[in-house]
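Chemist: Hey, dropping model-v1.csv in here, CSV, C-alpha atoms:
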```csv
chain,number,residue,atom,x,y,z
X,1,MET,CA,111.2,118.8,-61.4
X,2,PRO,CA,111.3,122.6,-61.5
X,3,ASP,CA,112.3,124.0,-64.9
X,4,ASP,CA,115.5,125.6,-63.6
X,5,LEU,CA,116.9,122.3,-62.4
X,6,PRO,CA,119.1,120.3,-64.7
X,7,LEU,CA,118.0,116.9,-66.1
X,8,GLU,CA,119.6,113.7,-64.9
X,9,ASP,CA,121.6,113.3,-68.1
X,10,ASP,CA,123.4,116.6,-67.3
X,11,TRP,CA,124.3,115.6,-63.7
X,12,PRO,CA,127.7,113.9,-64.5
X,13,ASP,CA,128.9,117.0,-66.5
X,14,LEU,CA,127.8,119.3,-63.7
X,15,MET,CA,129.5,117.2,-61.1
X,16,ARG,CA,132.7,117.1,-63.1
X,17,LEU,CA,132.5,120.9,-63.2
X,18,ALA,CA,131.9,120.9,-59.5
X,19,GLN,CA,134.9,118.8,-58.9
X,20,ASP,CA,136.9,121.4,-60.8
X,21,GLY,CA,135.6,124.1,-58.5
X,22,ASP,CA,132.5,125.4,-60.3
X,23,GLN,CA,130.3,126.4,-57.3
X,24,ARG,CA,127.3,127.3,-59.5
X,25,ALA,CA,127.4,123.9,-61.2
X,26,TYR,CA,127.7,122.2,-57.8
X,27,ARG,CA,124.7,124.1,-56.4
X,28,LEU,CA,122.7,123.2,-59.4
X,29,VAL,CA,123.5,119.5,-59.2
X,30,LEU,CA,123.0,119.3,-55.5
X,31,ARG,CA,119.6,120.9,-55.8
X,32,ALA,CA,118.6,118.6,-58.6
X,33,MET,CA,119.6,115.6,-56.7
X,34,VAL,CA,117.6,116.3,-53.6
X,35,PRO,CA,114.3,114.7,-54.8
X,36,ALA,CA,116.2,111.6,-56.0
X,37,ILE,CA,118.0,111.4,-52.6
X,38,ARG,CA,114.7,111.8,-50.7
X,39,LEU,CA,113.1,109.1,-52.8
X,40,ARG,CA,115.9,106.6,-52.0
X,41,VAL,CA,116.0,107.5,-48.3
X,42,ARG,CA,112.2,107.1,-48.1
X,43,ARG,CA,112.7,103.5,-49.2
X,44,ARG,CA,114.5,102.7,-46.0
X,45,VAL,CA,113.4,105.3,-43.5
X,46,PHE,CA,109.7,105.6,-42.6
X,47,ASP,CA,110.0,108.2,-39.9
X,48,GLU,CA,109.0,111.4,-41.6
X,49,THR,CA,111.0,113.5,-39.1
X,50,LEU,CA,114.1,111.5,-39.7
X,51,ILE,CA,113.9,111.5,-43.5
X,52,GLU,CA,114.9,115.1,-43.9
X,53,ASP,CA,117.8,114.7,-41.5
X,54,VAL,CA,119.1,111.8,-43.5
X,55,VAL,CA,118.7,113.8,-46.8
X,56,GLN,CA,120.9,116.5,-45.2
X,57,ASP,CA,123.4,113.9,-44.0
X,58,VAL,CA,123.5,112.4,-47.6
X,59,LEU,CA,124.2,115.9,-49.0
X,60,ILE,CA,127.1,116.3,-46.6
X,61,ALA,CA,128.4,112.9,-47.5
X,62,VAL,CA,128.2,113.7,-51.2
X,63,HIS,CA,130.2,116.9,-50.4
X,64,ARG,CA,132.9,114.9,-48.5
X,65,LEU,CA,133.1,112.2,-51.1
X,66,ARG,CA,132.7,114.2,-54.3
X,67,HIS,CA,136.3,113.5,-55.3
X,68,THR,CA,135.5,109.8,-55.5
X,69,TYR,CA,132.9,110.2,-58.3
X,70,ASP,CA,134.0,109.2,-61.7
X,71,PRO,CA,132.3,111.6,-64.3
X,72,ALA,CA,132.5,108.9,-66.9
X,73,LEU,CA,129.9,107.0,-65.0
X,74,PRO,CA,126.2,107.9,-64.3
X,75,LEU,CA,125.9,110.0,-61.1
X,76,LEU,CA,122.7,108.4,-59.7
X,77,PRO,CA,124.1,104.9,-58.8
X,78,TRP,CA,126.9,106.7,-56.9
X,79,VAL,CA,124.4,109.0,-55.0
X,80,SER,CA,122.1,106.0,-54.4
X,81,ALA,CA,124.9,104.1,-52.8
X,82,ILE,CA,125.6,107.0,-50.4
X,83,ALA,CA,121.9,107.5,-49.7
X,84,SER,CA,121.4,103.9,-48.9
X,85,ALA,CA,124.4,103.7,-46.6
X,86,ARG,CA,123.6,106.9,-44.8
X,87,ALA,CA,119.9,105.8,-44.3
X,88,ILE,CA,121.1,102.5,-42.8
X,89,ASP,CA,123.5,104.3,-40.6
X,90,ALA,CA,120.8,106.6,-39.4
X,91,LEU,CA,118.5,103.7,-38.6
X,92,ARG,CA,121.3,102.0,-36.7
X,93,ARG,CA,121.9,105.1,-34.7
X,94,GLN,CA,118.2,105.6,-34.0
X,95,GLY,CA,118.0,101.9,-32.9
X,96,ARG,CA,121.0,102.3,-30.6
X,97,SER,CA,119.6,105.5,-29.0
X,98,ARG,CA,116.2,103.8,-28.5
X,99,ARG,CA,117.8,100.9,-26.8
X,100,ARG,CA,119.6,103.3,-24.4
X,101,GLU,CA,116.6,105.5,-23.7
X,102,VAL,CA,113.7,104.7,-21.4
X,103,SER,CA,110.3,105.7,-22.7
X,104,ASP,CA,108.3,107.3,-19.9
X,105,GLU,CA,105.8,109.7,-21.4
X,106,ALA,CA,104.6,111.1,-18.1
X,107,ALA,CA,108.1,111.6,-16.7
X,108,LEU,CA,109.3,113.2,-20.0
X,109,GLY,CA,106.3,115.5,-19.9
X,110,GLU,CA,107.2,116.8,-16.5
X,111,ALA,CA,111.0,116.7,-16.8
X,112,VAL,CA,112.7,119.7,-18.3
X,113,ASP,CA,116.1,119.7,-19.8
X,114,ALA,CA,118.1,121.8,-17.2
X,115,ARG,CA,120.7,123.1,-19.7
X,116,ALA,CA,118.0,124.0,-22.3
X,117,SER,CA,115.9,125.7,-19.7
X,118,ALA,CA,119.0,127.6,-18.4
X,119,ALA,CA,119.6,128.8,-22.0
X,120,PHE,CA,116.0,130.0,-22.3
X,121,GLU,CA,116.1,131.7,-18.9
X,122,SER,CA,119.3,133.5,-19.8
X,123,LEU,CA,117.6,135.2,-22.7
X,124,ASP,CA,116.4,138.6,-21.6
X,125,ALA,CA,114.6,139.8,-24.6
X,126,GLY,CA,112.1,138.5,-27.0
X,127,ALA,CA,114.3,139.3,-29.9
X,128,ASP,CA,117.1,137.1,-28.6
X,129,LEU,CA,114.6,134.3,-28.3
X,130,ALA,CA,113.3,134.8,-31.7
X,131,GLY,CA,116.8,134.8,-33.1
X,132,LEU,CA,117.6,131.6,-31.2
X,133,LEU,CA,114.5,129.8,-32.4
X,134,GLY,CA,115.2,131.1,-35.9
X,135,VAL,CA,118.0,128.6,-36.3
X,136,LEU,CA,115.5,125.8,-35.9
X,137,PRO,CA,113.6,124.2,-38.7
X,138,GLU,CA,109.9,125.1,-38.7
X,139,ARG,CA,108.7,121.8,-37.2
X,140,GLN,CA,111.3,121.8,-34.4
X,141,ARG,CA,110.6,125.4,-33.7
X,142,GLU,CA,106.9,124.7,-33.3
X,143,MET,CA,107.6,121.9,-30.9
X,144,VAL,CA,109.8,124.1,-28.7
X,145,GLU,CA,107.2,126.8,-28.7
X,146,MET,CA,104.4,124.4,-27.8
X,147,VAL,CA,106.2,122.3,-25.1
X,148,LYS,CA,108.8,124.7,-23.7
X,149,LEU,CA,107.2,128.1,-24.1
X,150,ARG,CA,103.5,127.4,-24.0
X,151,GLU,CA,104.1,124.6,-21.5
X,152,MET,CA,101.8,122.2,-23.4
X,153,SER,CA,102.0,118.5,-22.5
X,154,LEU,CA,103.5,116.2,-25.1
X,155,ASP,CA,100.1,114.7,-25.7
X,156,ALA,CA,98.6,118.0,-26.4
X,157,ALA,CA,101.5,119.1,-28.6
X,158,ALA,CA,101.2,115.8,-30.5
X,159,GLN,CA,97.5,116.3,-31.0
X,160,GLU,CA,97.8,119.9,-32.1
X,161,SER,CA,100.6,119.1,-34.5
X,162,ARG,CA,99.0,115.9,-35.7
X,163,LEU,CA,102.1,114.0,-35.0
X,164,SER,CA,102.8,111.0,-32.7
X,165,VAL,CA,104.2,111.6,-29.3
X,166,SER,CA,107.4,109.9,-30.2
X,167,ALA,CA,107.7,112.2,-33.3
X,168,VAL,CA,107.2,115.2,-31.0
X,169,LYS,CA,109.9,113.9,-28.6
X,170,SER,CA,112.2,113.3,-31.5
X,171,LEU,CA,111.7,116.8,-32.8
X,172,LEU,CA,112.3,118.3,-29.4
X,173,HIS,CA,115.4,116.2,-28.9
X,174,ARG,CA,116.9,117.4,-32.2
X,175,ALA,CA,115.8,121.0,-31.5
X,176,ILE,CA,117.7,121.0,-28.2
X,177,LEU,CA,120.8,119.4,-29.8
X,178,LYS,CA,120.7,122.0,-32.5
X,179,LEU,CA,120.3,124.9,-30.0
X,180,ARG,CA,123.2,123.6,-28.0
X,181,GLU,CA,125.3,123.3,-31.1
X,182,HIS,CA,124.3,126.9,-32.0
X,183,GLY,CA,125.1,128.0,-28.5
X,184,LYS,CA,128.6,126.5,-28.7
X,185,GLN,CA,129.2,128.2,-32.1
X,186,THR,CA,128.0,131.6,-31.0
X,187,HIS,CA,129.2,131.7,-27.4
X,188,GLY,CA,132.2,129.4,-27.7
W,1,MET,CA,109.0,119.5,-47.2
W,2,ALA,CA,112.5,120.9,-46.7
W,3,ASP,CA,114.4,122.1,-49.7
W,4,HIS,CA,117.8,122.2,-47.9
W,5,ALA,CA,118.7,125.4,-49.7
W,6,THR,CA,120.7,126.7,-46.8
W,7,LEU,CA,122.8,123.6,-46.6
W,8,ILE,CA,123.3,123.5,-50.3
W,9,ASP,CA,124.4,127.1,-50.4
W,10,ALA,CA,126.8,126.5,-47.6
W,11,LEU,CA,128.3,123.4,-49.2
W,12,SER,CA,128.6,125.2,-52.6
W,13,ALA,CA,130.2,128.2,-51.0
W,14,GLU,CA,133.0,126.2,-49.6
W,15,ALA,CA,133.4,123.8,-52.5
W,16,GLY,CA,136.8,124.2,-54.1
W,17,PRO,CA,138.4,122.1,-56.7
W,18,VAL,CA,139.1,118.5,-55.7
W,19,ARG,CA,141.5,115.9,-57.1
W,20,ARG,CA,139.5,112.9,-58.5
W,21,VAL,CA,140.7,109.6,-57.3
W,22,SER,CA,142.2,107.3,-59.9
W,23,PRO,CA,140.7,103.9,-60.7
W,24,ALA,CA,141.3,101.2,-58.0
W,25,TRP,CA,143.7,99.3,-60.1
W,26,VAL,CA,145.9,102.4,-60.7
W,27,ARG,CA,145.9,103.1,-57.0
W,28,ALA,CA,146.8,99.5,-56.2
W,29,LEU,CA,149.8,99.8,-58.6
W,30,PHE,CA,151.2,102.3,-56.1
W,31,TRP,CA,150.0,101.0,-52.8
W,32,ALA,CA,150.5,97.3,-53.3
W,33,PRO,CA,154.2,97.4,-54.0
W,34,LEU,CA,154.6,99.9,-51.1
W,35,ALA,CA,152.9,97.5,-48.8
W,36,LEU,CA,154.8,94.6,-50.1
W,37,GLY,CA,158.1,96.4,-49.7
W,38,LEU,CA,157.4,97.5,-46.2
W,39,GLY,CA,156.3,94.0,-45.3
W,40,TYR,CA,159.5,92.6,-46.7
W,41,LEU,CA,161.6,95.1,-44.7
W,42,ALA,CA,159.7,94.1,-41.6
W,43,THR,CA,160.6,90.5,-42.1
W,44,ASN,CA,164.2,91.5,-41.3
W,45,LEU,CA,163.0,91.4,-37.7
W,46,VAL,CA,162.5,87.7,-37.9
W,47,HIS,CA,164.9,85.0,-38.8
W,48,ARG,CA,164.5,83.9,-42.5
W,49,ALA,CA,165.6,80.6,-43.9
W,50,SER,CA,165.5,80.3,-47.7
W,51,THR,CA,163.4,77.8,-49.6
W,52,ASP,CA,165.3,75.0,-51.2
W,53,TRP,CA,164.8,75.9,-54.8
W,54,ALA,CA,166.8,72.8,-55.9
W,55,ASP,CA,164.1,70.6,-54.4
W,56,PRO,CA,162.1,68.9,-57.2
W,57,LEU,CA,158.9,70.0,-55.5
W,58,ALA,CA,160.1,73.7,-55.4
W,59,PHE,CA,157.5,74.4,-58.1
W,60,VAL,CA,154.9,74.1,-55.3
W,61,ALA,CA,156.5,77.0,-53.4
W,62,ALA,CA,156.8,79.0,-56.7
W,63,ALA,CA,153.1,78.4,-57.4
W,64,ASN,CA,152.3,79.4,-53.8
W,65,ILE,CA,154.2,82.6,-54.2
W,66,VAL,CA,152.5,83.5,-57.5
W,67,VAL,CA,149.0,82.6,-56.3
W,68,SER,CA,149.4,84.4,-52.9
W,69,LEU,CA,150.8,87.6,-54.4
W,70,THR,CA,148.1,87.6,-57.1
W,71,LEU,CA,145.4,87.2,-54.5
W,72,GLY,CA,147.0,89.9,-52.4
W,73,VAL,CA,146.9,92.3,-55.3
W,74,ALA,CA,143.3,91.3,-56.1
W,75,ALA,CA,142.2,91.8,-52.5
W,76,PHE,CA,143.9,95.2,-52.4
W,77,ILE,CA,142.1,96.3,-55.6
W,78,ALA,CA,138.8,95.0,-54.2
W,79,ALA,CA,139.3,96.9,-51.0
W,80,LEU,CA,140.0,100.1,-52.9
W,81,SER,CA,137.0,99.5,-55.2
W,82,VAL,CA,134.6,98.8,-52.4
W,83,SER,CA,135.6,102.0,-50.7
W,84,ILE,CA,134.1,104.0,-53.6
W,85,PRO,CA,130.3,104.6,-53.3
W,86,GLY,CA,128.6,102.0,-55.5
W,87,GLY,CA,131.9,100.3,-56.0
W,88,ARG,CA,131.9,96.5,-56.5
W,89,VAL,CA,134.4,93.7,-56.3
W,90,ARG,CA,135.1,92.7,-59.8
W,91,GLY,CA,136.2,89.2,-60.8
W,92,LYS,CA,134.8,87.5,-57.7
W,93,GLY,CA,134.9,84.2,-59.6
W,94,TRP,CA,138.6,84.6,-60.4
W,95,ILE,CA,139.3,85.5,-56.7
W,96,ALA,CA,137.3,82.5,-55.5
W,97,GLY,CA,139.3,80.3,-58.0
W,98,GLY,CA,142.5,81.7,-56.7
W,99,VAL,CA,141.6,81.0,-53.1
W,100,ALA,CA,140.6,77.5,-54.2
W,101,ALA,CA,144.0,77.0,-55.9
W,102,TRP,CA,145.8,78.4,-52.8
W,103,LEU,CA,143.9,75.9,-50.6
W,104,ALA,CA,144.6,73.1,-53.1
W,105,LEU,CA,148.4,73.9,-52.9
W,106,ALA,CA,148.2,73.9,-49.1
W,107,VAL,CA,146.4,70.5,-49.1
W,108,PHE,CA,149.0,69.1,-51.5
W,109,SER,CA,151.8,70.5,-49.2
W,110,ILE,CA,150.2,68.8,-46.2
W,111,SER,CA,150.0,65.6,-48.1
W,112,LEU,CA,153.8,65.8,-48.7
W,113,SER,CA,154.5,66.1,-45.0
W,114,GLY,CA,155.7,63.1,-42.9
W,115,ASP,CA,153.6,64.3,-40.1
W,116,PRO,CA,150.5,65.8,-41.8
W,117,ARG,CA,148.7,66.6,-38.5
W,118,GLY,CA,151.7,68.2,-36.8
W,119,VAL,CA,151.9,69.1,-33.1
W,120,LEU,CA,150.6,71.9,-31.0
W,121,GLY,CA,152.9,74.9,-31.2
W,122,GLU,CA,154.2,74.1,-34.7
W,123,GLY,CA,153.7,77.1,-36.9
W,124,SER,CA,154.5,79.6,-34.3
W,125,TYR,CA,157.4,80.8,-36.5
W,126,CYS,CA,155.0,81.2,-39.4
W,127,PHE,CA,152.5,83.0,-37.3
W,128,THR,CA,155.1,85.5,-36.1
W,129,PHE,CA,156.4,85.9,-39.7
W,130,VAL,CA,153.0,86.5,-41.2
W,131,VAL,CA,151.9,89.0,-38.4
W,132,THR,CA,155.3,90.8,-38.6
W,133,ALA,CA,155.2,91.2,-42.3
W,134,GLY,CA,151.5,91.9,-42.4
W,135,LEU,CA,151.2,94.7,-39.8
W,136,PRO,CA,152.9,97.4,-41.8
W,137,MET,CA,150.9,96.3,-44.8
W,138,VAL,CA,147.7,96.7,-42.9
W,139,LEU,CA,148.8,100.3,-42.0
W,140,VAL,CA,149.5,101.0,-45.7
W,141,GLY,CA,146.1,99.6,-46.5
W,142,ILE,CA,144.4,101.9,-44.0
W,143,LEU,CA,146.4,104.8,-45.4
W,144,ALA,CA,145.3,103.9,-48.9
W,145,LEU,CA,141.7,103.8,-47.9
W,146,ARG,CA,141.8,107.0,-45.9
W,147,ARG,CA,141.7,109.3,-49.0
W,148,THR,CA,138.4,107.8,-50.3
W,149,ARG,CA,137.0,106.9,-46.9
W,150,SER,CA,134.4,104.1,-47.1
W,151,LEU,CA,130.7,103.8,-46.6
W,152,LYS,CA,131.4,100.1,-45.8
W,153,PRO,CA,134.5,100.4,-43.7
W,154,VAL,CA,134.4,96.9,-42.3
W,155,ARG,CA,134.2,95.3,-45.7
W,156,SER,CA,136.9,97.5,-47.2
W,157,LEU,CA,139.2,96.9,-44.2
W,158,THR,CA,138.6,93.2,-44.2
W,159,LEU,CA,139.6,93.0,-47.8
W,160,ALA,CA,142.7,95.2,-47.1
W,161,GLY,CA,143.5,92.8,-44.3
W,162,MET,CA,143.0,89.9,-46.6
W,163,GLY,CA,145.3,91.5,-49.1
W,164,SER,CA,148.0,92.0,-46.4
W,165,ALA,CA,147.6,88.4,-45.3
W,166,PHE,CA,148.1,87.0,-48.8
W,167,PHE,CA,151.1,89.2,-49.4
W,168,SER,CA,152.5,87.9,-46.2
W,169,PHE,CA,151.8,84.3,-47.3
W,170,GLY,CA,153.6,85.1,-50.5
W,171,LEU,CA,156.7,86.4,-48.6
W,172,LEU,CA,156.5,83.4,-46.3
W,173,ALA,CA,156.6,81.0,-49.2
W,174,PHE,CA,160.2,82.3,-50.0
W,175,CYS,CA,161.4,80.9,-46.7
W,176,HIS,CA,159.2,78.0,-45.9
W,177,PRO,CA,159.7,74.3,-46.6
W,178,VAL,CA,157.4,72.9,-49.3
W,179,GLU,CA,156.0,70.4,-46.7
W,180,LEU,CA,153.3,71.8,-44.4
W,181,SER,CA,151.5,70.3,-41.5
W,182,ALA,CA,147.8,71.0,-40.7
W,183,MET,CA,148.9,72.7,-37.4
W,184,ASP,CA,151.3,74.9,-39.3
W,185,PHE,CA,148.6,75.8,-41.9
W,186,THR,CA,146.2,76.6,-39.1
W,187,ALA,CA,148.8,79.1,-37.7
W,188,HIS,CA,149.0,80.7,-41.2
W,189,ILE,CA,145.2,81.1,-41.3
W,190,VAL,CA,145.0,82.4,-37.7
W,191,ALA,CA,147.7,85.0,-38.4
W,192,GLY,CA,145.8,86.0,-41.6
W,193,MET,CA,142.5,86.4,-39.7
W,194,LEU,CA,144.3,88.4,-37.0
W,195,LEU,CA,145.6,90.8,-39.7
W,196,GLY,CA,142.0,91.2,-40.9
W,197,GLY,CA,140.8,91.9,-37.4
W,198,VAL,CA,143.6,94.4,-36.7
W,199,ALA,CA,142.8,96.2,-40.0
W,200,VAL,CA,139.2,96.6,-39.0
W,201,LEU,CA,139.9,97.6,-35.4
W,202,LEU,CA,142.6,100.1,-36.3
W,203,GLY,CA,141.0,101.5,-39.4
W,204,ARG,CA,137.3,101.6,-38.8
W,205,ARG,CA,137.2,105.0,-37.2
W,206,ILE,CA,139.9,106.4,-39.5
W,207,ILE,CA,138.2,105.6,-42.8
W,208,ALA,CA,134.5,105.7,-41.8
W,209,LEU,CA,132.4,108.6,-42.8
W,210,GLY,CA,131.1,109.4,-39.4
W,211,ALA,CA,127.7,110.8,-38.6
W,212,GLY,CA,127.4,114.5,-39.1
W,213,GLN,CA,131.1,114.9,-40.0
W,214,GLY,CA,132.2,117.4,-42.5
W,215,ARG,CA,129.6,120.1,-41.7
W,216,PRO,CA,131.1,123.4,-42.6
W,217,SER,CA,132.0,125.3,-39.5
W,218,GLU,CA,130.0,128.2,-38.3
W,219,THR,CA,127.0,127.1,-40.3
W,220,VAL,CA,123.6,126.2,-39.1
W,221,PHE,CA,121.5,124.2,-41.5
W,222,ASN,CA,118.0,125.4,-41.4
W,223,LEU,CA,115.4,122.9,-42.5
W,224,PRO,CA,112.5,125.2,-43.5
```
Just give me the structure as structure tokens.
Modeler:
Amino acid sequence: MPDDLPLEDDWPDLMRLAQDGDQRAYRLVLRAMVPAIRLRVRRRVFDETLIEDVVQDVLIAVHRLRHTYDPALPLLPWVSAIASARAIDALRRQGRSRRREVSDEAALGEAVDARASAAFESLDAGADLAGLLGVLPERQREMVEMVKLREMSLDAAAQESRLSVSAVKSLLHRAILKLREHGKQTHG
Amino acid sequence: MADHATLIDALSAEAGPVRRVSPAWVRALFWAPLALGLGYLATNLVHRASTDWADPLAFVAAANIVVSLTLGVAAFIAALSVSIPGGRVRGKGWIAGGVAAWLALAVFSISLSGDPRGVLGEGSYCFTFVVTAGLPMVLVGILALRRTRSLKPVRSLTLAGMGSAFFSFGLLAFCHPVELSAMDFTAHIVAGMLLGGVAVLLGRRIIALGAGQGRPSETVFNLP
């Protein structure tokens, strides 16, 4: 753990301060908890591309449920329960979407998301495009650049990025969702 | 590996003071009487006969009331406890013992009946009574759980429904003959299960911590 992050024994006190509105204490304890959350999520989720999404989801859940934490008790069991529940929920959601989706590598390679393409086409300057892609995490941005801009096939993108084709598809899917979300926020 | 700094900064920036939730038993002290009171008021909608307290076997009804209301409180506390992350049902053994005692009282009441089996349709009054009294209690249970939300909404709501059912059984015992037929008892059980189902159906979306909910608006979380 980096030197500037608090030790686990200090977490309950920091969370108590956070509950009282101390934003610095809150930032510290959230940052300190991330490795522990990641470790717990990793026990249930094996898809590397999903793990960081679940960690983010756990942080948001911690934020929403912070009033339910009792500072007299250790923080880790409370966080672990949230991490475990959110990981299971994420796996369920992933399972549901897999059941609904048909996996056709060739068709997916050829098919282009019309709304995403329209969004790209509507950009008239490289700066806009860079700004748009800037909202994406590095991995997702790489996939968009490879598949949508450089028009690489999914297989080629997977090979170059050393990921499985399904991981590439998953990253692309999340990238498009994030771009749509960003588009709604910025353009109404 | 992502460090989630952007998200943490956004969450910290909007983090104001929050009011900590009280322990489950303290919250139950408020919510359980409220549920019971509303349930009692709702029973005005159905005809109520009074238990014959002069009956030498009236102690069975009294015991039923005490056991049912105690189980109702215990189930309510359990529902509130389970809704807290990492929360557990405490005193499972006592609750199981209470349910066993409640079943034993029911079996004893059935043994007192001249027609232990009963006929189809018997118990429709009890069914109506339990559902009428229980529905407002279910709503109170959902309201009580809404503040904490729940990572296990089905479990929390099932327990809240169970609490409402036992409260209703407790109220029913005030206006029910000591004797009971199996058909009548079945109607009680079905009504109780219906309350549990209604609690889950009505409350699941309300108390669940949905996927991706709570993201601060106008914020994009950038996983580096």
Chemist: Per residue of chain X within 6 Å of chain W, record the nearest atom pair and its distance in Å to one decimal, counting all atoms listed in the file, with rows in chain order and ascending residue number, as a Markdown table.
Modeler:
```
| residue | atom | partner | partner_atom | distance |
| --- | --- | --- | --- | --- |
| X:Gln19 | CA | W:Val18 | CA | 5.3 |
| X:Asp20 | CA | W:Pro17 | CA | 4.4 |
| X:Gly21 | CA | W:Pro17 | CA | 3.9 |
| X:Gln23 | CA | W:Ser12 | CA | 5.1 |
| X:Arg27 | CA | W:Ser12 | CA | 5.6 |
| X:His67 | CA | W:Arg20 | CA | 4.6 |
| X:Thr68 | CA | W:Val21 | CA | 5.5 |
| X:Trp78 | CA | W:Gly86 | CA | 5.2 |
| X:Ala81 | CA | W:Gly86 | CA | 5.0 |
| X:Pro137 | CA | W:Leu223 | CA | 4.4 |
| X:Glu138 | CA | W:Pro224 | CA | 5.5 |
```
Chemist: Might you pull out every residue within 12 Å of stretch 25-40 of chain W, with all atoms listed in the file counted and same-chain residues fewer than 2 positions away left off, and present them as a PDB file with C-alpha atoms, in the frame of the given file?
Modeler:
```
ATOM      1  CA  ARG W  20     139.500 112.900 -58.500  1.00  0.00           C
ATOM      2  CA  VAL W  21     140.700 109.600 -57.300  1.00  0.00           C
ATOM      3  CA  SER W  22     142.200 107.300 -59.900  1.00  0.00           C
ATOM      4  CA  PRO W  23     140.700 103.900 -60.700  1.00  0.00           C
ATOM      5  CA  ALA W  42     159.700  94.100 -41.600  1.00  0.00           C
ATOM      6  CA  THR W  43     160.600  90.500 -42.100  1.00  0.00           C
ATOM      7  CA  ASN W  44     164.200  91.500 -41.300  1.00  0.00           C
ATOM      8  CA  LEU W  45     163.000  91.400 -37.700  1.00  0.00           C
ATOM      9  CA  VAL W  46     162.500  87.700 -37.900  1.00  0.00           C
ATOM     10  CA  ARG W  48     164.500  83.900 -42.500  1.00  0.00           C
ATOM     11  CA  SER W  68     149.400  84.400 -52.900  1.00  0.00           C
ATOM     12  CA  LEU W  69     150.800  87.600 -54.400  1.00  0.00           C
ATOM     13  CA  THR W  70     148.100  87.600 -57.100  1.00  0.00           C
ATOM     14  CA  LEU W  71     145.400  87.200 -54.500  1.00  0.00           C
ATOM     15  CA  GLY W  72     147.000  89.900 -52.400  1.00  0.00           C
ATOM     16  CA  VAL W  73     146.900  92.300 -55.300  1.00  0.00           C
ATOM     17  CA  ALA W  74     143.300  91.300 -56.100  1.00  0.00           C
ATOM     18  CA  ALA W  75     142.200  91.800 -52.500  1.00  0.00           C
ATOM     19  CA  PHE W  76     143.900  95.200 -52.400  1.00  0.00           C
ATOM     20  CA  ILE W  77     142.100  96.300 -55.600  1.00  0.00           C
ATOM     21  CA  ALA W  78     138.800  95.000 -54.200  1.00  0.00           C
ATOM     22  CA  ALA W  79     139.300  96.900 -51.000  1.00  0.00           C
ATOM     23  CA  LEU W  80     140.000 100.100 -52.900  1.00  0.00           C
ATOM     24  CA  SER W  81     137.000  99.500 -55.200  1.00  0.00           C
ATOM     25  CA  VAL W  82     134.600  98.800 -52.400  1.00  0.00           C
ATOM     26  CA  VAL W  89     134.400  93.700 -56.300  1.00  0.00           C
ATOM     27  CA  ARG W  90     135.100  92.700 -59.800  1.00  0.00           C
ATOM     28  CA  PHE W 129     156.400  85.900 -39.700  1.00  0.00           C
ATOM     29  CA  VAL W 130     153.000  86.500 -41.200  1.00  0.00           C
ATOM     30  CA  VAL W 131     151.900  89.000 -38.400  1.00  0.00           C
ATOM     31  CA  THR W 132     155.300  90.800 -38.600  1.00  0.00           C
ATOM     32  CA  ALA W 133     155.200  91.200 -42.300  1.00  0.00           C
ATOM     33  CA  GLY W 134     151.500  91.900 -42.400  1.00  0.00           C
ATOM     34  CA  LEU W 135     151.200  94.700 -39.800  1.00  0.00           C
ATOM     35  CA  PRO W 136     152.900  97.400 -41.800  1.00  0.00           C
ATOM     36  CA  MET W 137     150.900  96.300 -44.800  1.00  0.00           C
ATOM     37  CA  VAL W 138     147.700  96.700 -42.900  1.00  0.00           C
ATOM     38  CA  LEU W 139     148.800 100.300 -42.000  1.00  0.00           C
ATOM     39  CA  VAL W 140     149.500 101.000 -45.700  1.00  0.00           C
ATOM     40  CA  GLY W 141     146.100  99.600 -46.500  1.00  0.00           C
ATOM     41  CA  ILE W 142     144.400 101.900 -44.000  1.00  0.00           C
ATOM     42  CA  LEU W 143     146.400 104.800 -45.400  1.00  0.00           C
ATOM     43  CA  ALA W 144     145.300 103.900 -48.900  1.00  0.00           C
ATOM     44  CA  LEU W 145     141.700 103.800 -47.900  1.00  0.00           C
ATOM     45  CA  ARG W 147     141.700 109.300 -49.000  1.00  0.00           C
ATOM     46  CA  THR W 148     138.400 107.800 -50.300  1.00  0.00           C
ATOM     47  CA  ALA W 160     142.700  95.200 -47.100  1.00  0.00           C
ATOM     48  CA  GLY W 161     143.500  92.800 -44.300  1.00  0.00           C
ATOM     49  CA  GLY W 163     145.300  91.500 -49.100  1.00  0.00           C
ATOM     50  CA  SER W 164     148.000  92.000 -46.400  1.00  0.00           C
ATOM     51  CA  ALA W 165     147.600  88.400 -45.300  1.00  0.00           C
ATOM     52  CA  PHE W 166     148.100  87.000 -48.800  1.00  0.00           C
ATOM     53  CA  PHE W 167     151.100  89.200 -49.400  1.00  0.00           C
ATOM     54  CA  SER W 168     152.500  87.900 -46.200  1.00  0.00           C
ATOM     55  CA  PHE W 169     151.800  84.300 -47.300  1.00  0.00           C
ATOM     56  CA  GLY W 170     153.600  85.100 -50.500  1.00  0.00           C
ATOM     57  CA  LEU W 171     156.700  86.400 -48.600  1.00  0.00           C
ATOM     58  CA  LEU W 172     156.500  83.400 -46.300  1.00  0.00           C
ATOM     59  CA  PHE W 174     160.200  82.300 -50.000  1.00  0.00           C
ATOM     60  CA  CYS W 175     161.400  80.900 -46.700  1.00  0.00           C
TER      61      CYS W 175
END
```
Chemist: In Å to one decimal, how far is atom CA of W:Ala173 from atom CA of W:Asn64?
Modeler: 6.5 Å
Chemist: Taking 2 positions as the minimum chain separation for residues in the same chain, which residues sit within 8 Å of stretch 42-51 of chain X when counting all atoms listed in the file? Answer as a ChimeraX atom specification.
Modeler: /X:38-40,53-55,84,87-88,91,167,170-171
